[in-house]
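Report on the following structure.
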Amino acid sequence: MSSASRLAKVRARLDLPTVRRASGLLDGHHRSIFTGHGQDFDDMVEYHPGDDVGDIDWKASARTGHPVIRRFVHESNLAMVLAVDTGRSMAATAPSGERKSEIALFAADVVAYLARARGDLVGLVAGDSRRITQVPARGGAGHMEMLLRILERDLTREAPSSDLSRVLDRILTSASRRTLVVLITDEARPALTDEDALRRLRTRHDIMVISVADAVPTTPGLGPVADVEGGLVLPPFLQRDRRLHAAATTAVANRKKRVRDMLRRRGVEHVVATSSDDVVDALIDLFRRQRRVRR
């Protein structure tokens, strides 16, 4: 485990315009429009039956000739939960040649960095088939560093096998307030067996999914290939087999489609990251699409 600050490493990789752009898109998850007395005046809107008559601006109503009320922007203090799959499958190889765990951890780094810069509260639910780690939502650089260190510790090749359903169930049973859940896993998950849990989560919380792509094991030039779960080695002659490569590519495409279709049915926005280099652009795209959905 490295000793340098993970937040400092993120700051060194991101330029200020990128940070502002990503933070601005994340604003949509933390602000809500309501009528009545709030923190910042937003605009005037026409009065409709059922609105609080105490919010009517009588001087403005006299000028316009019909009742209008003052509308304010309220900071909703929506907490965020990093929900991370720490199973052994995250130690497999991504298309970039990196471990998927490196990409997942960098995605968590960026989310935590943006949240700290905004003063947001962030909690953690991370786990696999044997472990569940939960940390309540708090703010501050020290808290963010602690969360990232936990993930750095747990995202290893020696981790137990993945079991994302345990992570989803823990959020369902523990998060009482509406929360922004940022789920980080691999592209094979959430599985179809997780659909009901996602449906229930979606009714209570906002959810975004960051999936980390797998390298196709028959990709030319990938080098020696072994299964991280079972340790089975793919012989070189099979790795070079064109028919096997075509079948593997088709299987991966079908798996991606099943996950994508299931998430779309549940109204969950998601992106797939193939390397650390495309994490920031993927997150910006995700924030933009999620913000559009909320409007």
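Identifiers in this document derive from the order of the structure tokens: chains are assigned A, B, ..., residues are numbered from 1 separately in each chain, and ligands are numbered from 1 in order of occurrence.
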* **Who sits within 12 Å of Ala226 of chain A, only C-alpha atoms, same chain under 4 positions skipped, as a ChimeraX atom specification** => /A:89,91-93,215-218,222,230-236,239
* List the neighbours of Val272 of chain A out to 9 Å using only C-alpha atoms; skip same-chain residues closer than 3 positions along the sequence, and give me the result as a ChimeraX atom specification. => /A:186-187,209-213,279,282
Once you have the residues from the selection above, write them out as a CSV table (one decimal), in the first residue's frame, restricted to N, CA, C and O atoms.
```csv
chain,number,residue,atom,x,y,z
A,186,ASP,N,-17.5,-4.8,-12.0
A,186,ASP,CA,-17.0,-5.2,-13.3
A,186,ASP,C,-18.1,-5.3,-14.3
A,186,ASP,O,-19.3,-5.2,-13.9
A,187,GLU,N,-17.8,-5.5,-15.6
A,187,GLU,CA,-18.8,-5.4,-16.6
A,187,GLU,C,-19.8,-6.6,-16.6
A,187,GLU,O,-20.8,-6.6,-17.3
A,209,VAL,N,-23.8,3.5,-12.1
A,209,VAL,CA,-22.9,2.3,-12.1
A,209,VAL,C,-21.7,2.6,-13.0
A,209,VAL,O,-21.8,3.0,-14.1
A,210,ILE,N,-20.5,2.4,-12.4
A,210,ILE,CA,-19.3,2.4,-13.2
A,210,ILE,C,-18.8,1.0,-13.3
A,210,ILE,O,-18.4,0.4,-12.3
A,211,SER,N,-18.8,0.5,-14.5
A,211,SER,CA,-18.3,-0.9,-14.8
A,211,SER,C,-16.9,-0.9,-15.3
A,211,SER,O,-16.6,0.0,-16.2
A,212,VAL,N,-16.1,-1.8,-14.9
A,212,VAL,CA,-14.7,-1.9,-15.4
A,212,VAL,C,-14.6,-3.1,-16.3
A,212,VAL,O,-15.0,-4.2,-16.0
A,213,ALA,N,-14.2,-2.8,-17.6
A,213,ALA,CA,-14.2,-3.8,-18.6
A,213,ALA,C,-13.1,-4.9,-18.4
A,213,ALA,O,-12.1,-4.7,-17.8
A,279,VAL,N,-11.3,7.1,-17.3
A,279,VAL,CA,-12.2,7.1,-16.2
A,279,VAL,C,-12.8,8.5,-16.1
A,279,VAL,O,-14.1,8.6,-15.9
A,282,ALA,N,-15.4,9.1,-18.7
A,282,ALA,CA,-16.6,8.3,-18.5
A,282,ALA,C,-17.4,8.8,-17.4
A,282,ALA,O,-18.7,8.8,-17.5
```
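Pairwise distance (atom CA of Leu198 of chain A, atom CA of Val84 of chain A) equals 14.7 Å.
Backbone DSSP of segment 158-221 of chain A yields strand (DSSP E) at Thr179, Leu180, Val181, Val182, Leu183, Ile184, Thr185, Asp186, Asp206, Ile207, Met208, Val209, Ile210, Ser211 and Val212 of chain A.
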* Asp128 of chain A environment, 10 Å, only C-alpha atoms, sequence neighbours closer than 3 positions dropped, as JSON, numbers by chain -> {"A": [84, 85, 86, 87, 88, 89, 131, 132, 133, 154, 159, 160, 161, 162, 163, 164, 165, 166, 167]}
* Asked: Using only C-alpha atoms, which of the listed residues (A:Thr156, A:Ser129, A:Ser96, A:Ser23) sits closest to Thr219 of chain A?
  ->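 Smallest separation from Thr219 of chain A among the options: A:Ser96.
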* Determine, counting only C-alpha atoms, which protein, DNA and RNA residues have an atom within 9 Å of an atom of segment 59-66 of chain A; residues of the same chain fewer than 3 positions away are not included. Present the result as a ChimeraX atom specification. => /A:44,46-47,56,69
* Contacts of Arg11 of chain A within 12 Å, only C-alpha atoms, excl. fewer than 4 positions in-chain, as an MDAnalysis selection string -> chainID A and resid 5:7 15:19 106 109:114 116:117
* Work out how far apart atom CA of Arg289 of chain A and atom CA of Leu25 of chain A are and give it in Å to one decimal. => 9.3 Å
* To do: Determine, counting only C-alpha atoms, which protein, DNA and RNA residues have an atom within 7 Å of an atom of segment 243-259 of chain A; residues of the same chain fewer than 2 positions away are not included. Present the result as a PyMOL selection string.
  => chain A and resi 187-191+216+218+241+261-263
